[in-house]
Structures are given as structure tokens and as C-alpha cells.
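K.L.:
Sharing structure.cif (mmCIF, C-alpha atoms and all ligand atoms) below.
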```cif
data_start
loop_
_atom_site.label_atom_id
_atom_site.label_comp_id
_atom_site.auth_asym_id
_atom_site.auth_seq_id
_atom_site.Cartn_x
_atom_site.Cartn_y
_atom_site.Cartn_z
CA MET Q 2 1.72 21.24 3.48
CA THR Q 3 2.93 23.68 6.21
CA GLU Q 4 -0.47 23.04 7.78
CA PHE Q 5 0.62 19.54 8.70
CA VAL Q 6 4.19 20.30 9.73
CA SER Q 7 3.61 19.36 13.39
CA ILE Q 8 2.18 15.98 12.35
CA ARG Q 9 5.13 15.41 10.05
CA ASP Q 10 7.64 16.43 12.73
CA ALA Q 11 5.99 14.33 15.46
CA LEU Q 12 6.22 11.22 13.27
CA ILE Q 13 9.84 11.93 12.28
CA ALA Q 14 10.66 12.38 16.01
CA CYS Q 15 8.74 9.16 16.85
CA ASP Q 16 6.79 11.18 19.44
CA ALA Q 17 3.70 8.99 19.87
CA GLU Q 18 1.81 11.28 22.23
CA LYS Q 19 2.33 14.39 20.13
CA LEU Q 20 1.42 12.54 16.95
CA THR Q 21 -1.87 11.28 18.43
CA ASP Q 22 -2.72 14.75 19.78
CA GLU Q 23 -1.89 16.50 16.52
CA VAL Q 24 -3.81 14.03 14.34
CA ASN Q 25 -6.90 14.24 16.58
CA LYS Q 26 -6.65 18.03 16.79
CA THR Q 27 -6.27 18.41 13.03
CA ILE Q 28 -9.26 16.13 12.34
CA SER Q 29 -11.42 17.99 14.83
CA GLN Q 30 -10.46 21.26 13.11
CA GLY Q 31 -11.97 19.85 9.92
CA SER Q 32 -8.92 18.86 7.86
CA SER Q 33 -9.48 15.97 5.47
CA ALA Q 34 -8.00 12.60 6.36
CA ASN Q 35 -6.57 12.34 2.84
CA ALA Q 36 -4.72 15.64 3.27
CA ILE Q 37 -3.32 14.55 6.65
CA LEU Q 38 -2.11 11.35 5.03
CA ASN Q 39 -0.73 12.80 1.80
CA ASP Q 40 0.68 16.09 3.14
CA GLY Q 41 1.68 15.05 6.68
CA LEU Q 42 2.28 11.35 7.25
CA ILE Q 43 3.60 10.17 3.86
CA PRO Q 44 6.11 13.07 3.50
CA ALA Q 45 7.34 12.18 7.03
CA MET Q 46 8.03 8.62 5.87
CA ASP Q 47 9.96 10.07 2.92
CA VAL Q 48 12.18 12.05 5.30
CA ILE Q 49 12.60 8.93 7.45
CA GLY Q 50 13.61 6.98 4.32
CA GLU Q 51 16.23 9.61 3.45
CA ARG Q 52 17.60 9.51 7.02
CA MET Q 53 17.66 5.73 6.93
CA GLU Q 54 19.62 5.84 3.70
CA SER Q 55 22.11 8.39 5.02
CA GLY Q 56 22.61 6.49 8.31
CA GLU Q 57 21.02 9.18 10.49
CA MET Q 58 18.21 6.80 11.49
CA PHE Q 59 18.52 3.10 12.24
CA ILE Q 60 16.15 0.18 11.59
CA PRO Q 61 14.64 0.04 15.13
CA GLU Q 62 13.71 3.75 14.92
CA VAL Q 63 12.31 3.28 11.41
CA LEU Q 64 10.25 0.32 12.68
CA MET Q 65 8.94 2.44 15.53
CA ALA Q 66 7.98 5.19 13.06
CA ALA Q 67 6.26 2.56 10.90
CA GLN Q 68 4.22 1.41 13.91
CA LEU Q 69 3.26 4.99 14.75
CA MET Q 70 2.30 5.59 11.12
CA ALA Q 71 0.10 2.46 11.21
CA GLY Q 72 -1.59 3.76 14.39
CA ALA Q 73 -2.22 7.17 12.83
CA VAL Q 74 -3.66 5.51 9.71
CA GLU Q 75 -6.03 3.50 11.97
CA THR Q 76 -7.19 6.79 13.52
CA LEU Q 77 -7.82 8.17 10.03
CA ARG Q 78 -9.52 4.98 8.77
CA PRO Q 79 -13.17 5.96 9.49
CA HIS Q 80 -12.56 9.35 7.88
CA LEU Q 81 -11.01 7.83 4.72
CA ALA Q 82 -13.96 5.53 4.07
CA GLU Q 83 -16.00 6.13 0.92
CA GLY Q 84 -18.83 4.09 2.46
CA SER Q 85 -20.24 1.32 0.34
CA HIS Q 86 -21.78 -1.96 1.46
CA VAL Q 87 -22.26 -3.67 -1.88
CA SER Q 88 -19.28 -5.77 -2.99
CA ALA Q 89 -17.59 -4.01 -5.88
CA GLY Q 90 -15.54 -7.16 -6.60
CA LYS Q 91 -13.01 -9.47 -4.95
CA VAL Q 92 -9.36 -8.52 -4.55
CA LEU Q 93 -6.46 -10.63 -3.31
CA LEU Q 94 -3.67 -8.40 -2.01
CA GLY Q 95 -0.13 -8.97 -0.78
CA THR Q 96 3.50 -7.86 -0.77
CA VAL Q 97 5.81 -10.08 -2.83
CA LYS Q 98 8.44 -12.49 -1.56
CA GLY Q 99 11.54 -10.94 0.02
CA ASP Q 100 9.72 -7.73 0.91
CA VAL Q 101 8.27 -6.91 4.34
CA HIS Q 102 7.06 -3.35 3.65
CA ASP Q 103 3.34 -3.21 4.37
CA ILE Q 104 2.25 0.37 5.12
CA GLY Q 105 1.49 1.19 1.48
CA LYS Q 106 -0.23 -2.18 1.01
CA ASN Q 107 -2.36 -1.57 4.09
CA LEU Q 108 -3.40 1.82 2.71
CA VAL Q 109 -4.35 0.18 -0.58
CA PHE Q 110 -6.36 -2.39 1.46
CA MET Q 111 -8.19 0.38 3.26
CA MET Q 112 -9.00 2.33 0.09
CA LEU Q 113 -10.23 -0.79 -1.73
CA GLU Q 114 -12.31 -1.91 1.22
CA SER Q 115 -13.85 1.50 1.62
CA ALA Q 116 -14.66 1.52 -2.11
CA GLY Q 117 -16.74 -1.61 -1.48
CA PHE Q 118 -14.32 -4.37 -2.53
CA GLU Q 119 -14.09 -7.65 -0.64
CA VAL Q 120 -10.35 -7.78 0.04
CA LYS Q 121 -8.24 -10.68 1.27
CA ASP Q 122 -4.81 -9.57 2.49
CA VAL Q 123 -2.25 -12.39 2.41
CA GLY Q 124 0.40 -10.27 4.11
CA VAL Q 125 4.06 -9.65 3.31
CA ASP Q 126 6.94 -11.74 1.97
CA VAL Q 127 4.48 -13.86 0.00
CA PRO Q 128 5.99 -16.47 -2.37
CA ALA Q 129 4.62 -16.74 -5.92
CA ASP Q 130 3.23 -20.24 -5.30
CA THR Q 131 1.21 -18.94 -2.33
CA PHE Q 132 -0.36 -16.32 -4.59
CA VAL Q 133 -1.15 -19.12 -7.06
CA SER Q 134 -2.88 -21.27 -4.43
CA GLU Q 135 -4.72 -18.26 -2.96
CA VAL Q 136 -5.98 -17.26 -6.43
CA LYS Q 137 -7.25 -20.82 -6.90
CA SER Q 138 -9.07 -20.92 -3.58
CA PHE Q 139 -10.26 -17.29 -3.13
CA GLN Q 140 -10.99 -16.76 -6.87
CA PRO Q 141 -10.51 -12.98 -6.85
CA ASP Q 142 -11.42 -10.73 -9.76
CA ILE Q 143 -8.18 -8.80 -9.18
CA LEU Q 144 -4.77 -9.74 -7.79
CA ALA Q 145 -3.03 -6.67 -6.30
CA LEU Q 146 0.72 -6.97 -5.77
CA SER Q 147 2.90 -4.54 -3.84
CA ALA Q 148 6.73 -4.26 -3.97
CA LEU Q 149 8.86 -1.56 -2.34
CA LEU Q 150 12.42 -2.60 -3.15
CA THR Q 151 14.29 -2.51 -6.44
CA THR Q 152 15.49 -6.00 -5.44
CA THR Q 153 11.94 -7.37 -5.07
CA ILE Q 154 10.16 -5.86 -8.08
CA PRO Q 155 11.36 -8.81 -10.24
CA MET Q 156 9.11 -10.96 -7.97
CA LEU Q 157 6.12 -9.20 -9.53
CA LYS Q 158 7.01 -10.82 -12.85
CA THR Q 159 7.86 -14.13 -11.16
CA THR Q 160 4.37 -14.13 -9.61
CA ILE Q 161 2.64 -13.29 -12.91
CA ASP Q 162 4.67 -16.01 -14.66
CA ALA Q 163 3.76 -18.54 -11.92
CA LEU Q 164 0.06 -17.84 -12.55
CA GLY Q 165 0.72 -18.44 -16.27
CA THR Q 166 2.48 -21.74 -15.56
CA ALA Q 167 -0.45 -22.79 -13.36
CA GLY Q 168 -2.81 -21.99 -16.26
CA ILE Q 169 -4.79 -19.37 -14.32
CA ARG Q 170 -3.25 -16.10 -15.57
CA ASP Q 171 -6.36 -15.19 -17.54
CA SER Q 172 -8.72 -15.88 -14.64
CA VAL Q 173 -7.66 -12.69 -12.85
CA LYS Q 174 -6.71 -9.06 -13.57
CA ILE Q 175 -3.37 -8.13 -12.07
CA MET Q 176 -2.49 -4.69 -10.73
CA VAL Q 177 0.91 -3.73 -9.33
CA GLY Q 178 2.27 -0.85 -7.29
CA GLY Q 179 4.92 0.39 -4.88
CA ALA Q 180 7.47 3.19 -5.02
CA PRO Q 181 9.99 1.64 -7.49
CA VAL Q 182 7.23 0.36 -9.82
CA SER Q 183 6.16 2.39 -12.86
CA GLN Q 184 3.60 2.16 -15.64
CA SER Q 185 6.29 1.11 -18.11
CA PHE Q 186 7.53 -1.61 -15.76
CA ALA Q 187 3.96 -2.83 -15.28
CA ASP Q 188 3.49 -2.97 -19.09
CA GLN Q 189 6.82 -4.76 -19.49
CA ILE Q 190 5.90 -7.58 -17.08
CA GLY Q 191 2.39 -8.07 -18.46
CA ALA Q 192 0.37 -6.60 -15.58
CA ASP Q 193 -3.09 -5.24 -16.35
CA GLY Q 194 -2.53 -1.99 -14.48
CA TYR Q 195 -0.33 0.15 -12.25
CA GLY Q 196 -1.38 2.33 -9.32
CA ALA Q 197 0.93 5.13 -8.19
CA ASP Q 198 -0.79 5.53 -4.83
CA ALA Q 199 -3.63 4.08 -2.79
CA GLY Q 200 -6.22 6.42 -4.31
CA SER Q 201 -5.24 5.52 -7.86
CA ALA Q 202 -5.18 1.83 -6.87
CA SER Q 203 -8.84 2.09 -5.91
CA ARG Q 204 -9.74 3.93 -9.14
CA LEU Q 205 -7.78 1.39 -11.18
CA ALA Q 206 -9.55 -1.53 -9.46
CA LYS Q 207 -12.93 0.00 -10.38
CA LYS Q 208 -11.75 0.41 -14.00
CA LEU Q 209 -10.55 -3.21 -14.14
CA MET Q 210 -13.91 -4.39 -12.73
CA ALA Q 211 -15.71 -2.40 -15.44
CA GLU Q 212 -13.56 -4.19 -18.05
CA ILE Q 213 -14.36 -7.59 -16.49
CA ARG Q 214 -18.09 -6.82 -16.45
CA ALA Q 215 -18.02 -5.58 -20.05
CA ASN Q 216 -16.75 -8.99 -21.24
CO1 LIG Y 301 12.61 0.03 3.99
N1 LIG Y 301 13.35 0.78 2.32
N2 LIG Y 301 14.00 -1.33 3.98
N3 LIG Y 301 11.93 -0.39 5.75
N4 LIG Y 301 11.65 1.72 3.99
C1 LIG Y 301 12.57 1.96 1.73
C2 LIG Y 301 11.50 1.44 0.76
C3 LIG Y 301 13.75 2.76 1.03
C4 LIG Y 301 13.27 3.60 -0.17
C5 LIG Y 301 14.48 3.63 2.10
C6 LIG Y 301 15.68 4.35 1.54
O1 LIG Y 301 16.73 3.77 1.51
N5 LIG Y 301 15.50 5.57 1.09
C7 LIG Y 301 14.73 1.60 0.64
C8 LIG Y 301 14.47 0.95 -0.72
C9 LIG Y 301 15.47 1.35 -1.78
C10 LIG Y 301 15.12 0.64 -3.05
O2 LIG Y 301 15.21 -0.55 -3.15
N6 LIG Y 301 14.71 1.41 -4.04
C11 LIG Y 301 14.51 0.62 1.77
C12 LIG Y 301 15.43 -0.38 2.18
C13 LIG Y 301 16.76 -0.38 1.45
C14 LIG Y 301 15.15 -1.32 3.19
C15 LIG Y 301 16.05 -2.44 3.72
C16 LIG Y 301 16.81 -3.24 2.64
C17 LIG Y 301 17.00 -1.78 4.76
C18 LIG Y 301 18.02 -2.71 5.38
O3 LIG Y 301 17.69 -3.71 5.98
N7 LIG Y 301 19.25 -2.34 5.19
C19 LIG Y 301 15.05 -3.35 4.49
C20 LIG Y 301 14.44 -4.41 3.59
C21 LIG Y 301 13.51 -5.31 4.36
C22 LIG Y 301 12.71 -6.21 3.42
O4 LIG Y 301 11.64 -5.84 2.97
N8 LIG Y 301 13.25 -7.38 3.13
C23 LIG Y 301 14.03 -2.33 4.88
C24 LIG Y 301 13.26 -2.43 6.05
C25 LIG Y 301 12.33 -1.51 6.46
C26 LIG Y 301 11.60 -1.58 7.81
C27 LIG Y 301 11.23 -3.01 8.20
C28 LIG Y 301 12.51 -1.00 8.85
C29 LIG Y 301 10.40 -0.61 7.57
C30 LIG Y 301 9.13 -1.31 7.03
C31 LIG Y 301 8.06 -1.45 8.10
C32 LIG Y 301 6.72 -1.82 7.50
O5 LIG Y 301 6.39 -1.59 6.34
N9 LIG Y 301 5.92 -2.39 8.35
C33 LIG Y 301 10.93 0.25 6.42
C34 LIG Y 301 10.39 1.52 6.05
C35 LIG Y 301 9.34 2.06 6.99
C36 LIG Y 301 10.80 2.21 4.89
C37 LIG Y 301 10.41 3.65 4.45
C38 LIG Y 301 11.15 4.61 5.35
C39 LIG Y 301 8.93 3.98 4.45
C40 LIG Y 301 8.06 3.01 3.63
C41 LIG Y 301 6.63 3.44 3.77
O6 LIG Y 301 5.91 2.84 4.54
N10 LIG Y 301 6.26 4.54 3.08
C42 LIG Y 301 10.92 3.66 2.94
C43 LIG Y 301 11.27 5.05 2.43
C44 LIG Y 301 10.11 5.70 1.69
O7 LIG Y 301 9.14 5.09 1.32
N11 LIG Y 301 10.23 6.97 1.44
C45 LIG Y 301 11.84 2.51 2.90
C46 LIG Y 301 4.92 5.13 3.20
C47 LIG Y 301 3.94 4.35 2.30
C48 LIG Y 301 2.55 4.97 2.45
O8 LIG Y 301 4.37 4.50 0.97
O9 LIG Y 301 4.92 2.04 0.75
O10 LIG Y 301 5.49 3.70 -1.12
P1 LIG Y 301 4.59 3.27 -0.01
O11 LIG Y 301 3.12 3.02 -0.62
C49 LIG Y 301 2.47 3.97 -1.45
C50 LIG Y 301 2.72 3.73 -2.95
O12 LIG Y 301 3.96 3.14 -3.23
C51 LIG Y 301 1.55 2.93 -3.38
O13 LIG Y 301 0.48 3.39 -2.54
C52 LIG Y 301 0.98 3.70 -1.26
C53 LIG Y 301 0.18 4.84 -0.69
O14 LIG Y 301 0.20 5.97 -1.48
N12 LIG Y 301 1.52 1.49 -3.34
C54 LIG Y 301 0.69 0.83 -4.18
C55 LIG Y 301 2.14 0.60 -2.57
N13 LIG Y 301 1.76 -0.64 -2.88
C56 LIG Y 301 0.86 -0.52 -3.87
C57 LIG Y 301 0.13 -1.49 -4.57
C58 LIG Y 301 -0.74 -1.04 -5.58
C59 LIG Y 301 -0.87 0.30 -5.87
C60 LIG Y 301 -0.17 1.26 -5.18
O15 LIG Y 301 -1.49 -1.87 -6.32
C61 LIG Y 301 -1.44 -3.25 -6.03
#
```
Using the file provided, produce a representation of the structure as C-alpha cells.
Ligand code: B1M

P.N.:
Amino acid sequence: MTEFVSIRDALIACDAEKLTDEVNKTISQGSSANAILNDGLIPAMDVIGERMESGEMFIPEVLMAAQLMAGAVETLRPHLAEGSHVSAGKVLLGTVKGDVHDIGKNLVFMMLESAGFEVKDVGVDVPADTFVSEVKSFQPDILALSALLTTTIPMLKTTIDALGTAGIRDSVKIMVGGAPVSQSFADQIGADGYGADAGSASRLAKKLMAEIRAN
């Protein structure tokens, strides 16, 4: 992790120029994009979260850091790709109502897309009835729901229940994720799977597709 300390520090300091330089330099030195992400950028966001909680950093600075993180992830995008051109399946993805966090969701998007899935991202703060109408029109194999707040994880269940009420729950596999979500919570709300991070989300989606194809 010490290897990526300058990337981590540049993001925490919201130093755009330094961050770009360090990410490019580290890639050109042969580091893997996954390592830069998991050992540099994501730990920086954890520090930023702690500072936000303790009042050392304010929302505008956190937003700026989020934008810089998104830019760095875009730089890493071609290096994260697994490279597949055959559709592995269709995924509808979004962050639940009341929640605007999208960095983790966007990483999940990128990993699924690079694993060959056709992914439709319906964005953030998405009401349950929008997921219902999108499932009807897009007809995904998998619905992937993200939630980052303890106050919005109940919306995961609300969304699953809304699909049940609409009579389409069994037409789609549902996977959930986000920092406050856990496997036991996923089981409790009747989801078909839980991904702890973007890499496991992609592996889980492949497993769910194998289950669909086996039936
Ligand atoms: Co927010 N926020 N935030 N925030 N924010 C957290 C989440 C928090 C932990 C910070 C803290 O206090 N320590 C805290 C939540 C506490 C809780 O409920 N447990 C918090 C809070 C309280 C809030 C506000 C309420 C603050 C306020 O207004 N007072 C507010 C709520 C706004 C809302 O949504 N209604 C708020 C606002 C914001 C910003 C807008 C300023 C900004 C978001 C910008 C954006 O996303 N475009 C922001 C940010 C940046 C954060 C932190 C600092 C970073 C989040 C992040 O991007 N992490 C965050 C602290 C933290 O995470 N350490 C914090 C990096 C990202 C790669 O990780 O999103 O966890 P993550 O995604 C991971 C996994 O979770 C997983 O894979 C990803 C990659 O490995 N994953 C999935 C995610 N979705 C998945 C779906 C899957 C599978 C895996 O399958 C479908």
C-alpha cells in the first residue's frame, strides 16, 4: 500500500494535477490498475469519509474529491477491462432512492461492462417504481442495486417488494451491494446475491448468469 501513498495523498489533498501525474506515472511503471484502485484511490476515499464524519472536511471538498476520483477511474478504465465482446447477459444498475453516491456503482458498471455484460445504468436516487418500469422495458437478466447509507438500505427491500407487487420478481435475479450492505442483510431481504466490491459483483453476476442458463 505504501507504493500508492502519493496517489492516496494527492486525492485526499484534492490536488488534481498531482493526482493525474501520479496515476499516469504509476501506470507507466507497470502497476496494475486494480492495485492503484484498491490500494490507493479507495483507501483515500475512506480517509475522506472519516474526515467528513469528524468535520475536518466539508461537503464541497468531498464532492471535489469524488470528481477527482471519477477522473482517475476514467484514466484506469482501459487498464481495468477484461476485454470481451460477446454479451455475457443484461444488467440493469442503479443507486436506490434517497441516495446519490455513485462512485462504487460506476466501478461496478465498469467491471460488469468489461466482463462482457450489456449494462444499463439508471443513475442515482432511483425510486422503486422506476426500477419496476425499467425492468419491464429493458428486460435484464440481473438487477443490480447499490446503497451507501444506513438510511437508504431499506430501499433495497422496498425495490424488491415493488417488483413482487408488479408480478415480475421472478423474471430477474437481484444482486445488492454498497458499504453498509452485508450477505446476511441480502439474505434477509430476499436478494439473490451480495457483492462486497466491484470485482466480486462481476464474479457474482457471472455466477447468477450460470444459474439462469442452467434452468
Ligand atoms: Co457520503 N457518506 N454522504 N457523500 N460519502 C459516506 C457513505 C459515509 C460512510 C461517510 C462517513 O460519514 N464516514 C456516510 C454514510 C454513513 C452511513 O450511513 N453508514 C455518508 C454520509 C452520512 C453522507 C451524507 C448524509 C452527508 C450529509 O449530507 N451530511 C450525504 C448523503 C447524500 C445522499 O446520498 N442523499 C452524503 C453525500 C456525499 C457526497 C455527495 C458529498 C459524496 C458522493 C459523491 C458521489 O458519489 N458522486 C459523498 C462521498 C464521496 C462519501 C465517501 C467519502 C466516499 C464514497 C465512495 O465513493 N467510496 C463515503 C465514505 C466512504 O465510503 N469511506 C461517504 C469509494 C467507493 C469506491 O466505495 O461506494 O463503498 P463504495 O463502493 C464499493 C463497494 O461498496 C461496492 O463496490 C464498490 C467498489 O469496491 N459496491 C457494490 C457499491 N455498490 C455496489 C453494488 C453491488 C456490488 C458492490 O452490486 C449491485

K.L.:
Would you mind listing, for every residue of chain Q within 6 Å of ligand LIG 301 (chain Y), the two atoms forming the shortest contact and the distance between them in Å to one decimal, using all atoms listed in the file, sorted by chain and ascending residue number, as JSON lines?

P.N.:
```
{"residue": "Q:Ile43", "atom": "CA", "partner": "Y:LIG301", "partner_atom": "C46", "distance": 5.3}
{"residue": "Q:Met46", "atom": "CA", "partner": "Y:LIG301", "partner_atom": "C39", "distance": 4.9}
{"residue": "Q:Asp47", "atom": "CA", "partner": "Y:LIG301", "partner_atom": "N11", "distance": 3.4}
{"residue": "Q:Ile49", "atom": "CA", "partner": "Y:LIG301", "partner_atom": "C38", "distance": 5.0}
{"residue": "Q:Gly50", "atom": "CA", "partner": "Y:LIG301", "partner_atom": "C38", "distance": 3.6}
{"residue": "Q:Glu51", "atom": "CA", "partner": "Y:LIG301", "partner_atom": "N5", "distance": 4.7}
{"residue": "Q:Met53", "atom": "CA", "partner": "Y:LIG301", "partner_atom": "O1", "distance": 5.8}
{"residue": "Q:Glu54", "atom": "CA", "partner": "Y:LIG301", "partner_atom": "O1", "distance": 4.2}
{"residue": "Q:Ile60", "atom": "CA", "partner": "Y:LIG301", "partner_atom": "C28", "distance": 4.7}
{"residue": "Q:Val63", "atom": "CA", "partner": "Y:LIG301", "partner_atom": "C28", "distance": 5.0}
{"residue": "Q:Leu64", "atom": "CA", "partner": "Y:LIG301", "partner_atom": "C28", "distance": 4.6}
{"residue": "Q:Ala67", "atom": "CA", "partner": "Y:LIG301", "partner_atom": "C35", "distance": 5.0}
{"residue": "Q:Gly99", "atom": "CA", "partner": "Y:LIG301", "partner_atom": "N8", "distance": 5.0}
{"residue": "Q:Asp100", "atom": "CA", "partner": "Y:LIG301", "partner_atom": "O4", "distance": 3.4}
{"residue": "Q:Val101", "atom": "CA", "partner": "Y:LIG301", "partner_atom": "O4", "distance": 3.8}
{"residue": "Q:His102", "atom": "CA", "partner": "Y:LIG301", "partner_atom": "O5", "distance": 3.3}
{"residue": "Q:Asp103", "atom": "CA", "partner": "Y:LIG301", "partner_atom": "O5", "distance": 4.0}
{"residue": "Q:Ile104", "atom": "CA", "partner": "Y:LIG301", "partner_atom": "O6", "distance": 4.5}
{"residue": "Q:Gly105", "atom": "CA", "partner": "Y:LIG301", "partner_atom": "O11", "distance": 3.2}
{"residue": "Q:Lys106", "atom": "CA", "partner": "Y:LIG301", "partner_atom": "N13", "distance": 4.6}
{"residue": "Q:Leu108", "atom": "CA", "partner": "Y:LIG301", "partner_atom": "C53", "distance": 5.8}
{"residue": "Q:Ala145", "atom": "CA", "partner": "Y:LIG301", "partner_atom": "C61", "distance": 3.8}
{"residue": "Q:Leu146", "atom": "CA", "partner": "Y:LIG301", "partner_atom": "C61", "distance": 4.3}
{"residue": "Q:Ser147", "atom": "CA", "partner": "Y:LIG301", "partner_atom": "N13", "distance": 4.2}
{"residue": "Q:Leu149", "atom": "CA", "partner": "Y:LIG301", "partner_atom": "C2", "distance": 5.1}
{"residue": "Q:Leu150", "atom": "CA", "partner": "Y:LIG301", "partner_atom": "O2", "distance": 3.5}
{"residue": "Q:Thr151", "atom": "CA", "partner": "Y:LIG301", "partner_atom": "O2", "distance": 3.9}
{"residue": "Q:Thr152", "atom": "CA", "partner": "Y:LIG301", "partner_atom": "O2", "distance": 5.9}
{"residue": "Q:Met176", "atom": "CA", "partner": "Y:LIG301", "partner_atom": "C61", "distance": 5.0}
{"residue": "Q:Val177", "atom": "CA", "partner": "Y:LIG301", "partner_atom": "C61", "distance": 4.1}
{"residue": "Q:Gly178", "atom": "CA", "partner": "Y:LIG301", "partner_atom": "C58", "distance": 3.5}
{"residue": "Q:Gly179", "atom": "CA", "partner": "Y:LIG301", "partner_atom": "O12", "distance": 3.3}
{"residue": "Q:Ala180", "atom": "CA", "partner": "Y:LIG301", "partner_atom": "O12", "distance": 3.9}
{"residue": "Q:Pro181", "atom": "CA", "partner": "Y:LIG301", "partner_atom": "N6", "distance": 5.9}
{"residue": "Q:Gly196", "atom": "CA", "partner": "Y:LIG301", "partner_atom": "C59", "distance": 4.0}
{"residue": "Q:Ala197", "atom": "CA", "partner": "Y:LIG301", "partner_atom": "C60", "distance": 5.0}
{"residue": "Q:Asp198", "atom": "CA", "partner": "Y:LIG301", "partner_atom": "O13", "distance": 3.4}
{"residue": "Q:Ala199", "atom": "CA", "partner": "Y:LIG301", "partner_atom": "O13", "distance": 4.2}
{"residue": "Q:Ala202", "atom": "CA", "partner": "Y:LIG301", "partner_atom": "C59", "distance": 4.7}
```

K.L.:
Measuring atom to atom with all atoms listed in the file, identify which of Q:Ile175, Q:Ile37, Q:Leu164, Q:Met210 is nearest to Lys137 (chain Q).

P.N.:
Q:Leu164

K.L.:
Excluding Gly95 (chain Q) and any residue of its chain fewer than 3 positions from it, enumerate the residues within 6 Å of it, using only C-alpha atoms, and give them as a PDB file with C-alpha atoms, keeping the file's coordinate frame.

P.N.:
```
ATOM      1  CA  ASP Q 122      -4.810  -9.570   2.490  1.00  0.00           C
ATOM      2  CA  VAL Q 123      -2.250 -12.390   2.410  1.00  0.00           C
ATOM      3  CA  GLY Q 124       0.400 -10.270   4.110  1.00  0.00           C
ATOM      4  CA  VAL Q 125       4.060  -9.650   3.310  1.00  0.00           C
ATOM      5  CA  LEU Q 146       0.720  -6.970  -5.770  1.00  0.00           C
TER       6      LEU Q 146
END
```

K.L.:
As a list of chain:residue names, please: the residues near Ala34 (chain Q) (cut-off 8 Å, all atoms listed in the file, same-chain neighbours under 4 positions excluded).

P.N.:
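That gives Q:Ile28, Q:Leu38, Q:Leu77, Q:His80, Q:Leu81.
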
K.L.:
What lies within 10 Å of Ala129 (chain Q) using only C-alpha atoms, ignoring chain neighbours under 6 positions off, as a PDB file with C-alpha atoms, in the frame of the given file?

P.N.:
```pdb
ATOM      1  CA  VAL Q  97       5.810 -10.080  -2.830  1.00  0.00           C
ATOM      2  CA  LYS Q  98       8.440 -12.490  -1.560  1.00  0.00           C
ATOM      3  CA  GLU Q 135      -4.720 -18.260  -2.960  1.00  0.00           C
ATOM      4  CA  MET Q 156       9.110 -10.960  -7.970  1.00  0.00           C
ATOM      5  CA  LEU Q 157       6.120  -9.200  -9.530  1.00  0.00           C
ATOM      6  CA  LYS Q 158       7.010 -10.820 -12.850  1.00  0.00           C
ATOM      7  CA  THR Q 159       7.860 -14.130 -11.160  1.00  0.00           C
ATOM      8  CA  THR Q 160       4.370 -14.130  -9.610  1.00  0.00           C
ATOM      9  CA  ILE Q 161       2.640 -13.290 -12.910  1.00  0.00           C
ATOM     10  CA  ASP Q 162       4.670 -16.010 -14.660  1.00  0.00           C
ATOM     11  CA  ALA Q 163       3.760 -18.540 -11.920  1.00  0.00           C
ATOM     12  CA  LEU Q 164       0.060 -17.840 -12.550  1.00  0.00           C
TER      13      LEU Q 164
END
```

K.L.:
With only C-alpha atoms as the basis for distance, which of Q:Met58, Q:Val24, Q:Val120, Q:Met112 is at the shortest distance from Ser88 (chain Q)?

P.N.:
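Among the listed residues, Q:Val120 lies closest to Ser88 (chain Q).
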
K.L.:
From the options Q:Thr153, Q:Ser134, Q:Ser29, Q:Asn39, which residue's atoms come nearest to Val74 (chain Q), counting only C-alpha atoms?

P.N.:
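Result for the nearest residue to Val74 (chain Q): Q:Asn39.
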
K.L.:
Rounded to one decimal in Å, what is the spacing between CA of Thr131 (chain Q) and CA of Gly117 (chain Q)?

P.N.:
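That distance, rounded to one decimal, is 25.0 Å.
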
K.L.:
Record the distance separating CA of Arg9 (chain Q) and CA of Glu23 (chain Q), expressed in Å with one decimal.

P.N.:
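Between these atoms lies a distance of 9.6 Å.
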
K.L.:
Can you pull out every residue within 9 Å of Val173 (chain Q), counting all atoms listed in the file, but drop anything in the same chain fewer than 3 positions away, and send it as a PDB file with C-alpha atoms, in the coordinates of the input?

P.N.:
```pdb
ATOM      1  CA  VAL Q 136      -5.980 -17.260  -6.430  1.00  0.00           C
ATOM      2  CA  GLN Q 140     -10.990 -16.760  -6.870  1.00  0.00           C
ATOM      3  CA  PRO Q 141     -10.510 -12.980  -6.850  1.00  0.00           C
ATOM      4  CA  ASP Q 142     -11.420 -10.730  -9.760  1.00  0.00           C
ATOM      5  CA  ILE Q 143      -8.180  -8.800  -9.180  1.00  0.00           C
ATOM      6  CA  LEU Q 144      -4.770  -9.740  -7.790  1.00  0.00           C
ATOM      7  CA  ILE Q 169      -4.790 -19.370 -14.320  1.00  0.00           C
ATOM      8  CA  ARG Q 170      -3.250 -16.100 -15.570  1.00  0.00           C
TER       9      ARG Q 170
END
```
